[in-house]
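Structure, as structure tokens:
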Amino acid sequence: MLMKKFLKEFKEFAVKGNVMDMAVGVIIGGAFGKIVSSLVNDVIMPLISKISGGATFSELKYELTPASPDGSVEAVTLNYGMFIQNIVDFVIIAFCIFVALKFMMSLRKQKEEAPVPAPAPEPSAEEKLLSEIRDLLRDQKRDGK
């Protein structure tokens, strides 16, 4: 009984639009992450490398333990360059998301601020009187008077 109730609640949760919207958001977010990663790796970092004389962040490291001369033991390194690279990636991704959200919010705000058509003006006193006369004549005709 408890399991049946649990499954029913899960079904209600999973079928709600919010979960579907979230799933679409995750998929689009993954694709957006790839685009931004390409922007960082293929456009921005080569420019930084060119400006800095060919150095890239990912190659920066500190050797904690050197490799053995015969090659049987590899060097132990602290790869702080990869950490810096990931920070740069994060900042650029966060900035891109910020700009995208700001753009979407401005579109939503414009939609909300769209002018509402003014209600039809109130009929004049003459129009009201003519409408009453028309209705009275129609009623008399219907009653056969």
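Naming scheme: A, B, ... for chains in displayed order of the structure tokens; residues 1 onward per chain; ligands 1 onward as shown.
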- Message: For the strand (DSSP E or B) assignment from backbone DSSP, which residues of chain A qualify? Please present them as a ChimeraX atom specification.
- Response: /A:62-65,76-78
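Every protein or nucleic acid residue with an atom no more than 9 Å from stretch 42-50 of chain A, counting only C-alpha atoms and leaving out same-chain residues fewer than 6 positions away, appears here: Thr56, Phe57 and Gln85 of chain A.
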Extract, using only C-alpha atoms, all DNA, RNA and protein residues at most 12 Å from stretch 93-102 of chain A, discarding same-chain residues fewer than 2 positions from it, and format them as a CSV table (one decimal) with N, CA and C atoms, in the first residue's frame.
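The result, written out as around-v8.csv:
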chain,number,residue,atom,x,y,z
A,28,ILE,N,19.2,21.5,-22.9
A,28,ILE,CA,19.7,22.7,-23.5
A,28,ILE,C,20.9,23.3,-22.8
A,29,GLY,N,20.9,23.2,-21.4
A,29,GLY,CA,22.1,23.6,-20.7
A,29,GLY,C,23.3,22.9,-21.0
A,30,GLY,N,23.2,21.5,-21.2
A,30,GLY,CA,24.4,20.7,-21.7
A,30,GLY,C,24.9,21.2,-23.0
A,32,PHE,N,24.4,24.2,-24.3
A,32,PHE,CA,25.0,25.5,-24.1
A,32,PHE,C,26.3,25.5,-23.5
A,33,GLY,N,26.5,24.5,-22.6
A,33,GLY,CA,27.9,24.3,-21.9
A,33,GLY,C,28.9,24.0,-23.0
A,34,LYS,N,28.5,23.1,-23.9
A,34,LYS,CA,29.5,22.8,-25.0
A,34,LYS,C,29.9,24.0,-25.9
A,35,ILE,N,28.9,24.8,-26.2
A,35,ILE,CA,29.1,26.0,-27.0
A,35,ILE,C,30.1,26.9,-26.2
A,36,VAL,N,29.8,27.1,-24.9
A,36,VAL,CA,30.7,28.0,-24.2
A,36,VAL,C,32.1,27.4,-24.0
A,37,SER,N,32.1,26.1,-23.8
A,37,SER,CA,33.5,25.5,-23.7
A,37,SER,C,34.2,25.7,-25.0
A,38,SER,N,33.6,25.5,-26.1
A,38,SER,CA,34.2,25.8,-27.4
A,38,SER,C,34.7,27.2,-27.5
A,39,LEU,N,33.9,28.1,-27.1
A,39,LEU,CA,34.2,29.5,-27.1
A,39,LEU,C,35.5,29.8,-26.3
A,40,VAL,N,35.6,29.2,-25.1
A,40,VAL,CA,36.7,29.3,-24.2
A,40,VAL,C,38.0,28.6,-24.8
A,86,ASN,N,39.7,26.0,-15.4
A,86,ASN,CA,38.4,25.7,-15.0
A,86,ASN,C,37.7,27.0,-14.4
A,87,ILE,N,38.5,27.8,-13.7
A,87,ILE,CA,37.9,29.0,-13.2
A,87,ILE,C,37.5,30.0,-14.4
A,88,VAL,N,38.4,30.1,-15.4
A,88,VAL,CA,38.1,30.9,-16.5
A,88,VAL,C,36.9,30.4,-17.2
A,89,ASP,N,36.8,29.1,-17.4
A,89,ASP,CA,35.6,28.5,-18.0
A,89,ASP,C,34.3,28.9,-17.2
A,90,PHE,N,34.4,28.7,-15.9
A,90,PHE,CA,33.2,29.0,-15.1
A,90,PHE,C,32.8,30.5,-15.2
A,91,VAL,N,33.8,31.4,-15.1
A,91,VAL,CA,33.4,32.8,-15.2
A,91,VAL,C,32.8,33.2,-16.6
A,104,MET,N,16.4,37.4,-21.8
A,104,MET,CA,15.0,36.8,-21.7
A,104,MET,C,14.1,37.6,-20.7
A,105,MET,N,14.7,38.1,-19.6
A,105,MET,CA,13.9,38.9,-18.7
A,105,MET,C,13.4,40.2,-19.3
A,106,SER,N,14.3,40.8,-20.1
A,106,SER,CA,13.9,42.0,-20.8
A,106,SER,C,12.7,41.8,-21.8
A,107,LEU,N,12.8,40.6,-22.5
A,107,LEU,CA,11.7,40.2,-23.4
A,107,LEU,C,10.4,40.0,-22.6
A,108,ARG,N,10.5,39.3,-21.5
A,108,ARG,CA,9.3,39.1,-20.7
A,108,ARG,C,8.7,40.4,-20.2
A,109,LYS,N,9.6,41.3,-19.8
A,109,LYS,CA,9.2,42.6,-19.2
A,109,LYS,C,8.5,43.4,-20.3
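Residues in contact range of A:Ala67, defined as at most 12 Å between only C-alpha atoms, with sequence neighbours fewer than 5 positions away removed, read Ser72, Val73, Glu74, Ala75, Val76 and Thr77 of chain A.
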- Task: Assign secondary structure with DSSP using the backbone only, and return the residues of stretch 9-144 of chain A in helix (DSSP H, G or I) as number ranges by chain.
- Result: A: 9-15, 17-51, 57-59, 80-112, 125-143
